[in-house]
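Colleague: Pasting data32.cif here (mmCIF, C-alpha atoms; chains and numbers go by the auth columns):
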```
data_data
loop_
_atom_site.group_PDB
_atom_site.id
_atom_site.type_symbol
_atom_site.label_atom_id
_atom_site.label_comp_id
_atom_site.label_asym_id
_atom_site.label_seq_id
_atom_site.Cartn_x
_atom_site.Cartn_y
_atom_site.Cartn_z
_atom_site.B_iso_or_equiv
_atom_site.auth_seq_id
_atom_site.auth_asym_id
ATOM 1 C CA MET A 1 121.193 67.047 114.531 0.00 1 A
ATOM 2 C CA ALA A 2 121.372 65.636 118.050 0.00 2 A
ATOM 3 C CA GLY A 3 121.131 68.227 120.786 0.00 3 A
ATOM 4 C CA LEU A 4 119.188 70.805 118.794 0.00 4 A
ATOM 5 C CA ILE A 5 115.775 71.854 120.072 0.00 5 A
ATOM 6 C CA ASN A 6 112.789 72.091 117.777 0.00 6 A
ATOM 7 C CA PHE A 7 111.229 75.264 119.195 0.00 7 A
ATOM 8 C CA GLU A 8 108.065 74.659 117.162 0.00 8 A
ATOM 9 C CA ASP A 9 107.406 71.501 119.189 0.00 9 A
ATOM 10 C CA GLU A 10 105.639 72.567 122.390 0.00 10 A
ATOM 11 C CA ASN A 11 106.419 69.346 124.280 0.00 11 A
ATOM 12 C CA GLU A 12 110.071 69.458 123.314 0.00 12 A
ATOM 13 C CA VAL A 13 110.366 73.067 124.456 0.00 13 A
ATOM 14 C CA LYS A 14 108.645 72.252 127.760 0.00 14 A
ATOM 15 C CA GLN A 15 111.047 69.355 128.362 0.00 15 A
ATOM 16 C CA PHE A 16 113.995 71.601 127.551 0.00 16 A
ATOM 17 C CA LEU A 17 112.828 74.273 130.012 0.00 17 A
ATOM 18 C CA ASP A 18 112.111 71.708 132.729 0.00 18 A
ATOM 19 C CA ASN A 19 115.620 70.322 132.285 0.00 19 A
ATOM 20 C CA LEU A 20 117.035 73.832 132.630 0.00 20 A
ATOM 21 C CA GLY A 21 115.252 74.216 135.942 0.00 21 A
ATOM 22 C CA VAL A 22 116.693 70.944 137.212 0.00 22 A
ATOM 23 C CA GLU A 23 120.171 71.941 136.078 0.00 23 A
ATOM 24 C CA TYR A 24 120.030 75.362 137.738 0.00 24 A
ATOM 25 C CA SER A 25 118.655 73.851 140.943 0.00 25 A
ATOM 26 C CA PHE A 26 121.549 71.379 141.011 0.00 26 A
ATOM 27 C CA GLN A 27 124.051 74.177 140.441 0.00 27 A
ATOM 28 C CA CYS A 28 122.542 76.204 143.267 0.00 28 A
ATOM 29 C CA TYR A 29 121.899 73.672 146.005 0.00 29 A
ATOM 30 C CA LYS A 30 124.311 70.829 145.219 0.00 30 A
ATOM 31 C CA GLU A 31 127.264 72.678 143.738 0.00 31 A
ATOM 32 C CA ASN A 32 126.720 75.768 145.934 0.00 32 A
ATOM 33 C CA ASP A 33 127.255 78.015 142.913 0.00 33 A
ATOM 34 C CA PRO A 34 125.916 81.550 143.577 0.00 34 A
ATOM 35 C CA GLU A 35 125.640 82.279 139.861 0.00 35 A
ATOM 36 C CA GLY A 36 123.681 79.056 139.454 0.00 36 A
ATOM 37 C CA CYS A 37 121.309 80.255 142.176 0.00 37 A
ATOM 38 C CA GLN A 38 120.842 83.533 140.338 0.00 38 A
ATOM 39 C CA ARG A 39 120.119 81.645 137.125 0.00 39 A
ATOM 40 C CA LEU A 40 117.572 79.553 139.038 0.00 40 A
ATOM 41 C CA ALA A 41 115.910 82.682 140.415 0.00 41 A
ATOM 42 C CA ASP A 42 115.772 84.254 136.954 0.00 42 A
ATOM 43 C CA TYR A 43 114.325 81.012 135.573 0.00 43 A
ATOM 44 C CA LEU A 44 111.645 80.795 138.257 0.00 44 A
ATOM 45 C CA GLU A 45 110.741 84.439 137.764 0.00 45 A
ATOM 46 C CA GLY A 46 110.928 84.708 133.989 0.00 46 A
ATOM 47 C CA VAL A 47 109.873 81.248 132.824 0.00 47 A
ATOM 48 C CA LYS A 48 107.758 79.790 135.601 0.00 48 A
ATOM 49 C CA LYS A 49 106.340 83.093 136.910 0.00 49 A
ATOM 50 C CA ASN A 50 106.625 81.557 140.368 0.00 50 A
ATOM 51 C CA TYR A 51 107.517 84.612 142.404 0.00 51 A
ATOM 52 C CA GLU A 52 107.206 82.979 145.824 0.00 52 A
ATOM 53 C CA SER A 53 109.808 80.363 144.864 0.00 53 A
ATOM 54 C CA THR A 54 111.929 83.094 143.301 0.00 54 A
ATOM 55 C CA VAL A 55 111.996 84.923 146.631 0.00 55 A
ATOM 56 C CA LYS A 56 113.183 81.795 148.456 0.00 56 A
ATOM 57 C CA VAL A 57 116.108 81.398 146.066 0.00 57 A
ATOM 58 C CA LEU A 58 116.984 85.103 146.186 0.00 58 A
ATOM 59 C CA LYS A 59 116.881 85.088 149.983 0.00 59 A
ATOM 60 C CA HIS A 60 119.133 82.019 150.138 0.00 60 A
ATOM 61 C CA ASN A 61 121.589 83.427 147.622 0.00 61 A
ATOM 62 C CA CYS A 62 121.718 86.834 149.272 0.00 62 A
ATOM 63 C CA GLU A 63 121.869 85.784 152.914 0.00 63 A
ATOM 64 C CA THR A 64 123.906 82.588 152.566 0.00 64 A
ATOM 65 C CA ASN A 65 126.117 83.356 149.582 0.00 65 A
ATOM 66 C CA GLY A 66 126.190 87.155 149.745 0.00 66 A
ATOM 67 C CA PHE A 67 125.556 87.362 145.993 0.00 67 A
ATOM 68 C CA GLY A 68 124.993 91.010 145.152 0.00 68 A
ATOM 69 C CA GLU A 69 122.644 90.565 142.199 0.00 69 A
ATOM 70 C CA SER A 70 120.284 88.441 144.308 0.00 70 A
ATOM 71 C CA CYS A 71 120.393 90.973 147.147 0.00 71 A
ATOM 72 C CA TYR A 72 119.495 93.713 144.689 0.00 72 A
ATOM 73 C CA LYS A 73 116.543 91.823 143.246 0.00 73 A
ATOM 74 C CA LEU A 74 115.319 90.830 146.718 0.00 74 A
ATOM 75 C CA GLY A 75 115.428 94.509 147.649 0.00 75 A
ATOM 76 C CA ALA A 76 113.320 95.316 144.589 0.00 76 A
ATOM 77 C CA TYR A 77 110.783 92.688 145.705 0.00 77 A
ATOM 78 C CA HIS A 78 110.571 94.345 149.133 0.00 78 A
ATOM 79 C CA ILE A 79 109.836 97.698 147.467 0.00 79 A
ATOM 80 C CA THR A 80 106.658 96.324 145.873 0.00 80 A
ATOM 81 C CA GLY A 81 105.790 93.376 148.130 0.00 81 A
ATOM 82 C CA LYS A 82 106.167 91.011 145.188 0.00 82 A
ATOM 83 C CA GLY A 83 106.365 87.270 145.784 0.00 83 A
ATOM 84 C CA GLY A 84 104.625 87.467 149.128 0.00 84 A
ATOM 85 C CA VAL A 85 107.458 89.291 150.913 0.00 85 A
ATOM 86 C CA THR A 86 106.646 92.105 153.298 0.00 86 A
ATOM 87 C CA GLN A 87 106.494 95.443 151.521 0.00 87 A
ATOM 88 C CA CYS A 88 109.127 97.207 153.577 0.00 88 A
ATOM 89 C CA LEU A 89 111.533 99.989 152.611 0.00 89 A
ATOM 90 C CA LYS A 90 113.756 99.212 155.591 0.00 90 A
ATOM 91 C CA SER A 91 114.222 95.630 154.361 0.00 91 A
ATOM 92 C CA ALA A 92 114.784 96.898 150.826 0.00 92 A
ATOM 93 C CA TYR A 93 117.395 99.328 152.140 0.00 93 A
ATOM 94 C CA SER A 94 119.226 96.505 153.920 0.00 94 A
ATOM 95 C CA CYS A 95 119.264 94.396 150.747 0.00 95 A
ATOM 96 C CA PHE A 96 120.544 97.278 148.639 0.00 96 A
ATOM 97 C CA VAL A 97 123.309 97.989 151.178 0.00 97 A
ATOM 98 C CA ARG A 98 124.468 94.379 150.894 0.00 98 A
ATOM 99 C CA SER A 99 124.322 94.488 147.113 0.00 99 A
ATOM 100 C CA CYS A 100 126.274 97.741 146.988 0.00 100 A
ATOM 101 C CA ALA A 101 129.011 96.292 149.195 0.00 101 A
ATOM 102 C CA ALA A 102 129.154 92.955 147.361 0.00 102 A
ATOM 103 C CA GLY A 103 129.915 94.347 143.911 0.00 103 A
ATOM 104 C CA GLY A 104 128.725 92.723 140.715 0.00 104 A
ATOM 105 C CA LYS A 105 126.281 93.631 137.957 0.00 105 A
ATOM 106 C CA LYS A 106 123.783 95.525 140.092 0.00 106 A
ATOM 107 C CA SER A 107 126.169 97.031 142.637 0.00 107 A
ATOM 108 C CA ILE A 108 126.121 100.574 141.263 0.00 108 A
ATOM 109 C CA ASP A 109 122.315 100.575 140.917 0.00 109 A
ATOM 110 C CA ALA A 110 122.089 99.332 144.502 0.00 110 A
ATOM 111 C CA CYS A 111 124.403 102.068 145.790 0.00 111 A
ATOM 112 C CA HIS A 112 122.208 104.679 144.095 0.00 112 A
ATOM 113 C CA ASN A 113 119.070 103.153 145.641 0.00 113 A
ATOM 114 C CA VAL A 114 120.641 103.298 149.102 0.00 114 A
ATOM 115 C CA GLY A 115 121.432 106.945 148.455 0.00 115 A
ATOM 116 C CA LEU A 116 117.827 107.652 147.441 0.00 116 A
ATOM 117 C CA LEU A 117 116.369 105.922 150.487 0.00 117 A
ATOM 118 C CA ALA A 118 118.801 107.679 152.830 0.00 118 A
ATOM 119 C CA HIS A 119 118.148 111.004 151.089 0.00 119 A
ATOM 120 C CA ASP A 120 114.387 111.033 151.624 0.00 120 A
ATOM 121 C CA GLY A 121 114.553 109.235 154.970 0.00 121 A
ATOM 122 C CA ARG A 122 111.678 106.822 154.349 0.00 122 A
ATOM 123 C CA ALA A 123 113.774 103.748 155.125 0.00 123 A
ATOM 124 C CA VAL A 124 115.867 105.136 157.969 0.00 124 A
ATOM 125 C CA GLY A 125 113.392 107.304 159.878 0.00 125 A
ATOM 126 C CA GLU A 126 114.669 110.716 158.801 0.00 126 A
ATOM 127 C CA PRO A 127 116.780 112.091 155.959 0.00 127 A
ATOM 128 C CA ASP A 128 120.419 111.066 156.267 0.00 128 A
ATOM 129 C CA LEU A 129 122.244 113.343 153.858 0.00 129 A
ATOM 130 C CA ALA A 130 125.687 112.215 154.979 0.00 130 A
ATOM 131 C CA GLY A 131 124.725 108.622 154.198 0.00 131 A
ATOM 132 C CA ALA A 132 123.107 109.658 150.934 0.00 132 A
ATOM 133 C CA ARG A 133 126.273 111.496 149.930 0.00 133 A
ATOM 134 C CA GLN A 134 128.443 108.452 150.698 0.00 134 A
ATOM 135 C CA TYR A 135 126.403 106.125 148.497 0.00 135 A
ATOM 136 C CA TYR A 136 125.823 108.646 145.733 0.00 136 A
ATOM 137 C CA GLU A 137 129.578 109.205 145.576 0.00 137 A
ATOM 138 C CA LYS A 138 130.187 105.484 145.218 0.00 138 A
ATOM 139 C CA ALA A 139 127.620 105.168 142.430 0.00 139 A
ATOM 140 C CA CYS A 140 128.840 108.332 140.721 0.00 140 A
ATOM 141 C CA ALA A 141 132.408 107.004 140.766 0.00 141 A
ATOM 142 C CA GLY A 142 131.015 103.922 139.020 0.00 142 A
ATOM 143 C CA GLY A 143 129.570 106.080 136.236 0.00 143 A
ATOM 144 C CA PHE A 144 125.938 106.304 137.381 0.00 144 A
ATOM 145 C CA ALA A 145 124.804 109.708 136.118 0.00 145 A
ATOM 146 C CA PRO A 146 121.711 110.193 138.352 0.00 146 A
ATOM 147 C CA SER A 147 123.898 109.813 141.454 0.00 147 A
ATOM 148 C CA CYS A 148 126.282 112.486 140.181 0.00 148 A
ATOM 149 C CA PHE A 149 123.320 114.792 139.553 0.00 149 A
ATOM 150 C CA ASN A 150 121.853 114.125 143.016 0.00 150 A
ATOM 151 C CA LEU A 151 125.232 114.901 144.579 0.00 151 A
ATOM 152 C CA SER A 152 125.220 118.211 142.761 0.00 152 A
ATOM 153 C CA ALA A 153 121.768 118.960 144.167 0.00 153 A
ATOM 154 C CA LEU A 154 122.921 118.063 147.686 0.00 154 A
ATOM 155 C CA PHE A 155 125.778 120.543 147.497 0.00 155 A
ATOM 156 C CA ILE A 156 123.534 123.253 146.065 0.00 156 A
ATOM 157 C CA GLU A 157 120.988 122.882 148.865 0.00 157 A
ATOM 158 C CA GLY A 158 123.090 121.873 151.881 0.00 158 A
ATOM 159 C CA ASN A 159 121.270 121.283 155.158 0.00 159 A
ATOM 160 C CA SER A 160 121.245 122.252 158.809 0.00 160 A
ATOM 161 C CA LYS A 161 123.050 119.083 159.949 0.00 161 A
ATOM 162 C CA GLY A 162 126.549 119.785 158.785 0.00 162 A
ATOM 163 C CA LEU A 163 126.348 119.579 154.996 0.00 163 A
ATOM 164 C CA LYS A 164 127.151 123.114 153.891 0.00 164 A
ATOM 165 C CA PRO A 165 126.305 124.411 150.434 0.00 165 A
ATOM 166 C CA ASP A 166 129.379 124.133 148.222 0.00 166 A
ATOM 167 C CA MET A 167 128.909 125.431 144.699 0.00 167 A
ATOM 168 C CA THR A 168 132.349 124.266 143.593 0.00 168 A
ATOM 169 C CA GLN A 169 131.450 120.687 144.468 0.00 169 A
ATOM 170 C CA ALA A 170 127.983 121.176 143.000 0.00 170 A
ATOM 171 C CA LEU A 171 129.515 122.239 139.688 0.00 171 A
ATOM 172 C CA LYS A 172 131.967 119.351 139.751 0.00 172 A
ATOM 173 C CA PHE A 173 129.214 116.754 140.057 0.00 173 A
ATOM 174 C CA ALA A 174 126.833 118.519 137.673 0.00 174 A
ATOM 175 C CA THR A 175 129.613 118.495 135.085 0.00 175 A
ATOM 176 C CA ARG A 176 130.288 114.826 135.702 0.00 176 A
ATOM 177 C CA ALA A 177 126.585 114.032 135.336 0.00 177 A
ATOM 178 C CA CYS A 178 126.607 115.939 132.053 0.00 178 A
ATOM 179 C CA GLU A 179 129.628 113.976 130.816 0.00 179 A
ATOM 180 C CA LEU A 180 127.659 110.815 131.545 0.00 180 A
ATOM 181 C CA GLY A 181 124.704 112.037 129.503 0.00 181 A
ATOM 182 C CA HIS A 182 122.404 113.549 132.153 0.00 182 A
ATOM 183 C CA VAL A 183 120.478 116.384 130.521 0.00 183 A
ATOM 184 C CA TRP A 184 119.755 118.261 133.749 0.00 184 A
ATOM 185 C CA GLY A 185 123.375 117.939 134.823 0.00 185 A
ATOM 186 C CA CYS A 186 124.310 119.807 131.648 0.00 186 A
ATOM 187 C CA ALA A 187 121.577 122.395 132.188 0.00 187 A
ATOM 188 C CA ASN A 188 122.620 123.083 135.784 0.00 188 A
ATOM 189 C CA ALA A 189 126.304 123.259 134.925 0.00 189 A
ATOM 190 C CA SER A 190 125.492 125.670 132.111 0.00 190 A
ATOM 191 C CA ARG A 191 123.573 127.929 134.481 0.00 191 A
ATOM 192 C CA MET A 192 126.400 127.865 137.027 0.00 192 A
ATOM 193 C CA TYR A 193 128.975 128.904 134.451 0.00 193 A
ATOM 194 C CA LYS A 194 126.635 131.644 133.244 0.00 194 A
ATOM 195 C CA LEU A 195 126.111 133.031 136.768 0.00 195 A
ATOM 196 C CA GLY A 196 129.588 132.311 138.108 0.00 196 A
ATOM 197 C CA ASP A 197 128.355 129.921 140.809 0.00 197 A
ATOM 198 C CA GLY A 198 131.273 127.806 142.008 0.00 198 A
ATOM 199 C CA THR A 199 133.491 129.097 139.213 0.00 199 A
ATOM 200 C CA GLU A 200 134.399 132.158 137.206 0.00 200 A
ATOM 201 C CA LYS A 201 131.754 133.289 134.750 0.00 201 A
ATOM 202 C CA ASP A 202 132.327 131.651 131.382 0.00 202 A
ATOM 203 C CA GLU A 203 129.744 132.471 128.723 0.00 203 A
ATOM 204 C CA LYS A 204 131.390 130.198 126.151 0.00 204 A
ATOM 205 C CA LYS A 205 131.375 127.199 128.491 0.00 205 A
ATOM 206 C CA ALA A 206 127.806 127.978 129.530 0.00 206 A
ATOM 207 C CA GLU A 207 126.717 127.997 125.897 0.00 207 A
ATOM 208 C CA GLU A 208 128.528 124.717 125.147 0.00 208 A
ATOM 209 C CA LEU A 209 126.812 123.007 128.069 0.00 209 A
ATOM 210 C CA LYS A 210 123.443 124.485 127.123 0.00 210 A
ATOM 211 C CA ASN A 211 123.838 123.096 123.613 0.00 211 A
ATOM 212 C CA ARG A 212 124.821 119.723 125.027 0.00 212 A
ATOM 213 C CA ALA A 213 121.681 119.712 127.199 0.00 213 A
ATOM 214 C CA MET A 214 119.564 120.499 124.150 0.00 214 A
ATOM 215 C CA GLU A 215 121.224 117.699 122.156 0.00 215 A
ATOM 216 C CA LEU A 216 120.589 115.191 124.918 0.00 216 A
ATOM 217 C CA HIS A 217 116.993 116.338 125.286 0.00 217 A
ATOM 218 C CA ALA A 218 116.380 115.996 121.540 0.00 218 A
ATOM 219 C CA PHE A 219 118.012 112.566 121.504 0.00 219 A
ATOM 220 C CA GLU A 220 115.838 111.380 124.386 0.00 220 A
ATOM 221 C CA LYS A 221 112.657 112.606 122.664 0.00 221 A
ATOM 222 C CA GLU A 222 113.659 110.837 119.461 0.00 222 A
ATOM 223 C CA ARG A 223 114.429 107.635 121.348 0.00 223 A
ATOM 224 C CA GLN A 224 111.042 107.724 123.074 0.00 224 A
ATOM 225 C CA LEU A 225 109.266 108.276 119.770 0.00 225 A
ATOM 226 C CA LYS A 226 111.043 105.326 118.168 0.00 226 A
ATOM 227 C CA PHE A 227 110.348 103.161 121.205 0.00 227 A
ATOM 228 C CA GLY A 228 106.653 104.011 120.948 0.00 228 A
ATOM 229 C CA GLU A 229 106.364 103.073 117.267 0.00 229 A
#
```
Just give me the structure of the file as structure tokens.
Modeller:
Amino acid sequence: MAGLINFEDENEVKQFLDNLGVEYSFQCYKENDPEGCQRLADYLEGVKKNYESTVKVLKHNCETNGFGESCYKLGAYHITGKGGVTQCLKSAYSCFVRSCAAGGKKSIDACHNVGLLAHDGRAVGEPDLAGARQYYEKACAGGFAPSCFNLSALFIEGNSKGLKPDMTQALKFATRACELGHVWGCANASRMYKLGDGTEKDEKKAEELKNRAMELHAFEKERQLKFGE
């Protein structure tokens, strides 16, 4: 049938892939389609393994079109120095900030990454817990369990620059992390109910959360075993 590709024919497959590259390039640079640019970047990275060209497309699509997914991936390249870009956490941080603000597929991941980089201070000079909290909260609201857990840790620890320990908030975010399937969120929430940190003591609730943590831990071990088969 016309239009079908014989994937056992190496030349036919190569022609098909080359045509895809031309099509995505047209979408990106002639039609000014940000999603077309992202497809071109994914094609150059995944099919052609041409990381330097990938970076050029990502940079164009992030800086010119403000496309969040490209900003996120460009940030990831800056983390490792892939594609010839400067390995720079400050540049990565800037890309993740743009991705977080832009929305899209990688927005929540980007918000969490901004939180991490602000939290440990490597990208901004010193730890910025207020900034970390802001971005963790955004990612947590989007259902990103590690951000909820990190928020809980922030409120348990507090700091000397205005973020006071708040066990009620810590329990709130540990519980939310648990609801989203974070094993240590469940474990911490269980301990807090057992000790009465941020809440009244509740042995029954503590036991329920402990059991949930154990279930999640067992599930993760089973998943890893299956993945390794």
Colleague: Applied to the shown file, which residues does the PyMOL selection byres ((chain A and resi 186) around 7) return, written as a PDB file with C-alpha atoms, in the frame of the given file?
Modeller:
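Output file out.pdb is given in full below:
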```
ATOM      1  CA  ALA A 174     126.833 118.519 137.673  1.00  0.00           C
ATOM      2  CA  THR A 175     129.613 118.495 135.085  1.00  0.00           C
ATOM      3  CA  CYS A 178     126.607 115.939 132.053  1.00  0.00           C
ATOM      4  CA  HIS A 182     122.404 113.549 132.153  1.00  0.00           C
ATOM      5  CA  VAL A 183     120.478 116.384 130.521  1.00  0.00           C
ATOM      6  CA  TRP A 184     119.755 118.261 133.749  1.00  0.00           C
ATOM      7  CA  GLY A 185     123.375 117.939 134.823  1.00  0.00           C
ATOM      8  CA  ALA A 187     121.577 122.395 132.188  1.00  0.00           C
ATOM      9  CA  ASN A 188     122.620 123.083 135.784  1.00  0.00           C
ATOM     10  CA  ALA A 189     126.304 123.259 134.925  1.00  0.00           C
ATOM     11  CA  SER A 190     125.492 125.670 132.111  1.00  0.00           C
ATOM     12  CA  LEU A 209     126.812 123.007 128.069  1.00  0.00           C
ATOM     13  CA  LYS A 210     123.443 124.485 127.123  1.00  0.00           C
ATOM     14  CA  ARG A 212     124.821 119.723 125.027  1.00  0.00           C
ATOM     15  CA  ALA A 213     121.681 119.712 127.199  1.00  0.00           C
TER      16      ALA A 213
END
```
Colleague: Since I can't run it myself right now, could you work out what the PyMOL selection byres ((chain A and resi 83) around 12) selects here and report it as a list in words?
Modeller: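 Against this file, the PyMOL selection byres ((chain A and resi 83) around 12) returns the residues Ala41, Leu44, Glu45, Lys49, Asn50, Tyr51, Glu52, Ser53, Thr54, Val55, Lys56, Val57, Leu58, Lys59, Lys73, Leu74, Gly75, Ala76, Tyr77, His78, Ile79, Thr80, Gly81, Lys82, Gly84, Val85, Thr86 and Gln87 of chain A.
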Colleague: What would the file look like if the residues just selected were written as a PDB file, in the coordinates of the input with C-alpha atoms?
Modeller:
```
ATOM      1  CA  ALA A  41     115.910  82.682 140.415  1.00  0.00           C
ATOM      2  CA  LEU A  44     111.645  80.795 138.257  1.00  0.00           C
ATOM      3  CA  GLU A  45     110.741  84.439 137.764  1.00  0.00           C
ATOM      4  CA  LYS A  49     106.340  83.093 136.910  1.00  0.00           C
ATOM      5  CA  ASN A  50     106.625  81.557 140.368  1.00  0.00           C
ATOM      6  CA  TYR A  51     107.517  84.612 142.404  1.00  0.00           C
ATOM      7  CA  GLU A  52     107.206  82.979 145.824  1.00  0.00           C
ATOM      8  CA  SER A  53     109.808  80.363 144.864  1.00  0.00           C
ATOM      9  CA  THR A  54     111.929  83.094 143.301  1.00  0.00           C
ATOM     10  CA  VAL A  55     111.996  84.923 146.631  1.00  0.00           C
ATOM     11  CA  LYS A  56     113.183  81.795 148.456  1.00  0.00           C
ATOM     12  CA  VAL A  57     116.108  81.398 146.066  1.00  0.00           C
ATOM     13  CA  LEU A  58     116.984  85.103 146.186  1.00  0.00           C
ATOM     14  CA  LYS A  59     116.881  85.088 149.983  1.00  0.00           C
ATOM     15  CA  LYS A  73     116.543  91.823 143.246  1.00  0.00           C
ATOM     16  CA  LEU A  74     115.319  90.830 146.718  1.00  0.00           C
ATOM     17  CA  GLY A  75     115.428  94.509 147.649  1.00  0.00           C
ATOM     18  CA  ALA A  76     113.320  95.316 144.589  1.00  0.00           C
ATOM     19  CA  TYR A  77     110.783  92.688 145.705  1.00  0.00           C
ATOM     20  CA  HIS A  78     110.571  94.345 149.133  1.00  0.00           C
ATOM     21  CA  ILE A  79     109.836  97.698 147.467  1.00  0.00           C
ATOM     22  CA  THR A  80     106.658  96.324 145.873  1.00  0.00           C
ATOM     23  CA  GLY A  81     105.790  93.376 148.130  1.00  0.00           C
ATOM     24  CA  LYS A  82     106.167  91.011 145.188  1.00  0.00           C
ATOM     25  CA  GLY A  84     104.625  87.467 149.128  1.00  0.00           C
ATOM     26  CA  VAL A  85     107.458  89.291 150.913  1.00  0.00           C
ATOM     27  CA  THR A  86     106.646  92.105 153.298  1.00  0.00           C
ATOM     28  CA  GLN A  87     106.494  95.443 151.521  1.00  0.00           C
TER      29      GLN A  87
END
```
Colleague: Which residues, written as a list in words, have at least one atom at most 8 Å from Arg98 in chain A, with only C-alpha atoms counted and residues fewer than 4 positions away on the same chain left out?
Modeller: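 Answer for this query is Gly66, Gly68, Cys71, Tyr72, Ser94 and Ala102 of chain A.
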Colleague: Please evaluate the PyMOL selection byres ((chain A and resi 28) around 12) against the displayed coordinates and give the resulting residues as number ranges by chain.
Modeller: A: 21-27, 29-41, 57-58, 60-61, 64-65, 67
Colleague: Report as a tab-separated table: every residue of range 45-113 of chain A with an atom at most 12 Å from range 132-149 of chain A, its closest pair of atoms, and their distance in Å to one decimal, counting all atoms listed in the file, with rows sorted by chain and ascending residue number.
Modeller:
```
residue	atom	partner	partner_atom	distance
A:Tyr93	CA	A:Tyr135	CA	11.9
A:Phe96	CA	A:Tyr135	CA	10.6
A:Val97	CA	A:Tyr135	CA	9.1
A:Ser99	CA	A:Tyr135	CA	11.9
A:Cys100	CA	A:Tyr135	CA	8.5
A:Ala101	CA	A:Lys138	CA	10.1
A:Gly103	CA	A:Gly142	CA	10.8
A:Gly104	CA	A:Gly142	CA	11.6
A:Lys105	CA	A:Gly142	CA	11.4
A:Lys106	CA	A:Ala139	CA	10.6
A:Ser107	CA	A:Ala139	CA	8.3
A:Ile108	CA	A:Ala139	CA	5.0
A:Asp109	CA	A:Ala139	CA	7.2
A:Ala110	CA	A:Ala139	CA	8.3
A:Cys111	CA	A:Tyr135	CA	5.3
A:His112	CA	A:Tyr136	CA	5.6
A:Asn113	CA	A:Tyr135	CA	8.4
```
Colleague: Using all atoms listed in the file for the distances, tell me which of A:Asp202, A:Glu69, A:Asp197, A:Glu179 is nearest to Asp166 in chain A.
Modeller: A:Asp197
Colleague: Taking 5 positions as the minimum chain separation for residues in the same chain, which residues sit within 10 Å of Leu117 in chain A when counting only C-alpha atoms? Answer as a VMD selection string.
Modeller: chain A and resid 89 to 90 92 to 93 96 112 122 to 128 131 to 132
Colleague: Go ahead and compute the interatomic distance for CA of Met167 in chain A and CA of Ala206 in chain A, in Å to one decimal.
Modeller: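 Interatomic distance here is 15.4 Å.
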Colleague: Just how far from CA of Leu216 in chain A is CA of Glu200 in chain A, in Å to one decimal?
Modeller: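 It comes out at 25.1 Å.
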Colleague: Which one of A:Val114, A:Thr199, A:Asn159, A:Lys172 sits closest to Leu129 in chain A if you count all atoms listed in the file?
Modeller: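 Smallest distance to Leu129 in chain A is found for A:Asn159.
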Colleague: Just the number, please: distance in Å from CA of Leu180 in chain A to CA of Asn150 in chain A, one decimal.
Modeller: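 Separation of CA of Leu180 in chain A and CA of Asn150 in chain A: 13.3 Å.
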Colleague: Once N, CA, C and O atoms are restored for range 177-186 of chain A, what would the output be as a compact mmCIF listing (two decimals), in the frame of the given file?
Modeller:
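Result saved to out_13.txt:
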```txt
# COMPACT_ATOMS: atom_id res chain seq x y z
N ALA A 177 127.87 114.57 135.78
CA ALA A 177 126.58 114.03 135.34
C ALA A 177 126.37 114.34 133.86
O ALA A 177 125.89 113.49 133.09
N CYS A 178 126.73 115.55 133.45
CA CYS A 178 126.61 115.94 132.05
C CYS A 178 127.48 115.06 131.17
O CYS A 178 127.04 114.59 130.11
N GLU A 179 128.71 114.83 131.58
CA GLU A 179 129.63 113.98 130.82
C GLU A 179 129.05 112.58 130.62
O GLU A 179 129.31 111.92 129.61
N LEU A 180 128.26 112.14 131.60
CA LEU A 180 127.66 110.82 131.54
C LEU A 180 126.30 110.82 130.83
O LEU A 180 125.63 109.80 130.79
N GLY A 181 125.91 111.98 130.31
CA GLY A 181 124.70 112.04 129.50
C GLY A 181 123.45 112.45 130.23
O GLY A 181 122.34 112.18 129.76
N HIS A 182 123.58 113.12 131.38
CA HIS A 182 122.40 113.55 132.15
C HIS A 182 122.03 114.96 131.73
O HIS A 182 122.76 115.92 131.97
N VAL A 183 120.86 115.11 131.11
CA VAL A 183 120.48 116.38 130.52
C VAL A 183 120.42 117.51 131.55
O VAL A 183 120.88 118.63 131.30
N TRP A 184 119.88 117.21 132.75
CA TRP A 184 119.76 118.26 133.75
C TRP A 184 121.09 118.58 134.41
O TRP A 184 121.28 119.69 134.93
N GLY A 185 122.02 117.63 134.39
CA GLY A 185 123.38 117.94 134.82
C GLY A 185 123.99 118.99 133.92
O GLY A 185 124.63 119.95 134.39
N CYS A 186 123.80 118.83 132.62
CA CYS A 186 124.31 119.81 131.65
C CYS A 186 123.63 121.16 131.84
O CYS A 186 124.30 122.21 131.82
```
